Amino acid sequence: MSDAKTRGPGPLASVKLFFTDRDKLEPAVITLLAAIFAILMGVGLIFVVSKDPVTSTKNFLLGPFLRTYNFYYLLVAMVPITFTGLALCIIYQLKYMSLIVDSSFYTGAIVATAIGVRLALPAGWHPAVAMLAAGLAGGLIGTLPAILKIKWRANELVSSLMFNYVFYFFGSFVILYFLRDRNQTILASMPFQKTFALPKLVENTQLHAGFIIAAVFVALVSIFLFRTKWGYQIRITGANPKFAAYAGIPVASVAIFAHFVSGFIGGIGGAVEMSGLYRAFIWQMNPSYAWDGVIVAMLARKNPKFVPVSAFFLAYMRVGADFMSRRGDVAFEFITLLQGIIILILASDKIANYFKARRLRRNAFAAEAALAAAPAGGVRSDGGGKGTAGAAGTGGKA
Amino acid sequence: MIEFIAGVFASSNYWFIVLRSTAPILLVTLGAVITEQAGIKNMALEGSMLWAALTGVIVSAFTGSPWLGMMAGILASVTIALILGLFALKLDANAVLCGVALNLFSTGGTVFVLYSLTGDKGISSSLPSKIIPFIKIPFVETIPWIGKVISGQNLIVWLAAFAVVAIHFVLNKATIGRRIKATGENIEAAKAAGIDPVKVKFFTLIVSGILAGIAGCFLSMGYTSNFTSGIAAGRGYVANAAQVVAGGTAIGAIFASLIFGLTDAMATYLQNIGLPPELIQALPYLVTILGFIVVTLIRDRRESIRKRQLLEGKLPKGSLKPIAVGGSNGNGSLGGGAA
């Protein structure tokens, strides 16, 4: 604590600063309002379709906290969307739109499955090797849309969506033809080696060490984006590519590198999910965690620090919806519908900047009123005074 | 293998399937073309198709009329396009991100509605939905090979062909077409010329909504006879890729969507000779990406040759036409900086 005091503003001061700095507070308030609005809308939908809306609503809102098992399940559900959310934070900092993380995550899971089934490695090393291989595969895949965009100006979202289909079908081909367990009636890979499993954090729950790995990655990506040269280059390139190019930043390599890192994180996410949660590859469909990553990254406002919070929120909604749909007549998919609405709201600059625009408008009105009220000579000196004050303020900050 | 493919190309049945699977892609691609010409990317086409497919099935089941179903489906599809317009044009949201949001909204929303109505999440088979009629052409039917390809196609396949003509007319002959292109090419100049770009963009969004709506209804009321979850299967996304291949013209859209249609139809045949179906299912998407790359490559090369000729003064004076760049650089601006 004393160390923090000598170094500068402590955590309390930064919290205080957060609440007094309206440019930071207002977006947070809007984000919170969007989340609340989505939940209210969800409750509204439940009341429209459910025969027993009160129980369903209770299950939806309180389900994650009604049983300890559910709560641990919520924590487990945070893991994959934390990875994809972090991966998309990097992409969004770069102001790219690609969703290739979906392929990276899925292929990462496939690569991890292959290693988990085929290789014999000591415990501990086994999942680590799988994660590294999955990360590399995911990273390489991640660069594809960026390369297409830079070389041939192909829209990265469109190409990444095409790639997502290609890699999905390719992945299920690999499972079916090389790793399939023929004794199972459903599509499943052969069981993983025992050494492949990540340890459980709490016995008799699903909570696995992947939760800690995800937490570590939150810290790593925060440092990467805000404390390293690469992160700085990524953010500058995203903010203004022309300026970045003039400043000597190799924008093309930065974009490709950022996509590699993003895909790497996605690939590791897929591997962690496999070794933490499953005993064999049993996905019948692509879980498409990248689409959840979009909302996680947007709720976090592209800042990896806030990814755990938004991942918790999304996991809370999903676990609640899952609990409710198992015990009632409301389909789980209504959560996807709500996710779409939240993204729509958060994507709108006019809504996001509502308070700020109102404040600026008020200030402008006030200034205009002052102009009208004051005599001509007074205005000039007043305006001049303001100008110098502003200049001094920015000078001091810089 | 080559013999096999040659055999497939000779069979009338193959070309029948080609037309059938090209039609929905063609319709949405036209929708993507017209919005892109106005300078807005409609990534919500996938969602539009999903809602149209579901609404068409539900309304036709409850009214007993495929036509009412189709109209309702188109209305639903246009609504999605209008929501995109509302957020992207009025509330300053990133259009591409809105598209992503609306697609999520639609994949979840359609399953949610389907389940709430029928208790089934996968398929609408419990609803007695109607089918848009297939058209047998009296005399053409008897022509040996061609008859089998053309006759017996769904009405919407013909509608798709008609849509090409209509969109070609709108883009090239009508006043609104000039306005659309002006808006897409230079929004400030368009404004100076008295064009309201927001209105023009909304117009193109509505047109794309109608086209995607027809395509969506075809999927659930003609191509198949049910709504299944995720029935659009990425066609809305493919359309956005095909739009680039089409180079911003309605005629180009035919070729662009044929790439998908030919591979999609071939996939069903290749499956029969024992190639792994998973790899074959990936083929249409892979080919679309390749088409996408090849076309931009050719266009870039042509553009650079043109620039060089301009610099060397080799080009005759009258031929200084603007080069359509297709707007593939829609949202990010990094491509320019990198190049």
# chains A, B, ... in the order shown; residues from 1 in each chain; ligands from 1
>>> interface_residues(of="chain A", to="chain B", cutoff="7 Å", atoms="only C-alpha atoms", output="ChimeraX atom specification")
/A:49,95-96,149-150,152-155,158-159,161-162,165-166,169-170,172-173,241-242,245,251-252,330-331,333-334,336-341,343-344,347-351
>>> residues_around(residues="Phe203 (chain B)", least_positions_apart="6", cutoff="10 Å", atoms="only C-alpha atoms", output="list in words")
Ile34, Thr35, Ala38, Leu82, Gly85, Ile176, Ile180, Pro197 and Gly209 of chain B
>>> atom_distance(atom1="CA of Lys356 (chain A)", atom2="CA of Met298 (chain A)")
19.0 Å
>>> select_by_dssp(residues="region 96-305 of chain B", states="alpha helix (DSSP H)", output="ChimeraX atom specification")
/B:96-118,144-150,155-172,175-185,187-192,197-218,235-246,250-272,277-305
>>> atom_distance(atom1="CA of Phe260 (chain A)", atom2="CA of Gly276 (chain A)")
23.7 Å
>>> residues_around(residues="region 188-200 of chain A", least_positions_apart="3", cutoff="10 Å", atoms="only C-alpha atoms", output="VMD selection string")
chain A and resid 110 112 to 130 172 174 to 185 203 to 211 272 to 284
>>> closest_residue(among="A:Tyr168, A:Phe332, A:Tyr354, A:Phe313", to="Ile36 (chain A)", atoms="only C-alpha atoms")
A:Phe313
>>> atom_distance(atom1="CA of Pro145 (chain A)", atom2="CA of Lys41 (chain B)")
17.7 Å
>>> residues_around(residues="Cys217 (chain B)", least_positions_apart="4", cutoff="7 Å", atoms="only C-alpha atoms", output="number ranges by chain")
B: 52-53, 56, 70, 73, 213, 221
>>> write_last_selection(atoms="C-alpha atoms", output="tab-separated table (two decimals), in the first residue's frame")
chain	number	residue	atom	x	y	z
B	52	ALA	CA	-38.46	-14.07	-44.45
B	53	ALA	CA	-38.17	-17.85	-44.53
B	56	GLY	CA	-43.39	-17.01	-44.96
B	70	MET	CA	-44.50	-14.55	-49.28
B	73	GLY	CA	-41.94	-12.78	-45.52
B	213	GLY	CA	-37.18	-11.62	-48.67
B	221	MET	CA	-41.35	-22.59	-49.54
>>> residues_around(residues="Ala256 (chain B)", least_positions_apart="3", cutoff="7 Å", atoms="only C-alpha atoms", output="PyMOL selection string")
chain B and resi 242+245-246+252-253+259
>>> select_by_dssp(residues="region 27-255 of chain B", states="strand (DSSP E or B)", output="PyMOL selection string")
chain B and resi 93+123+134-135+153-154+228
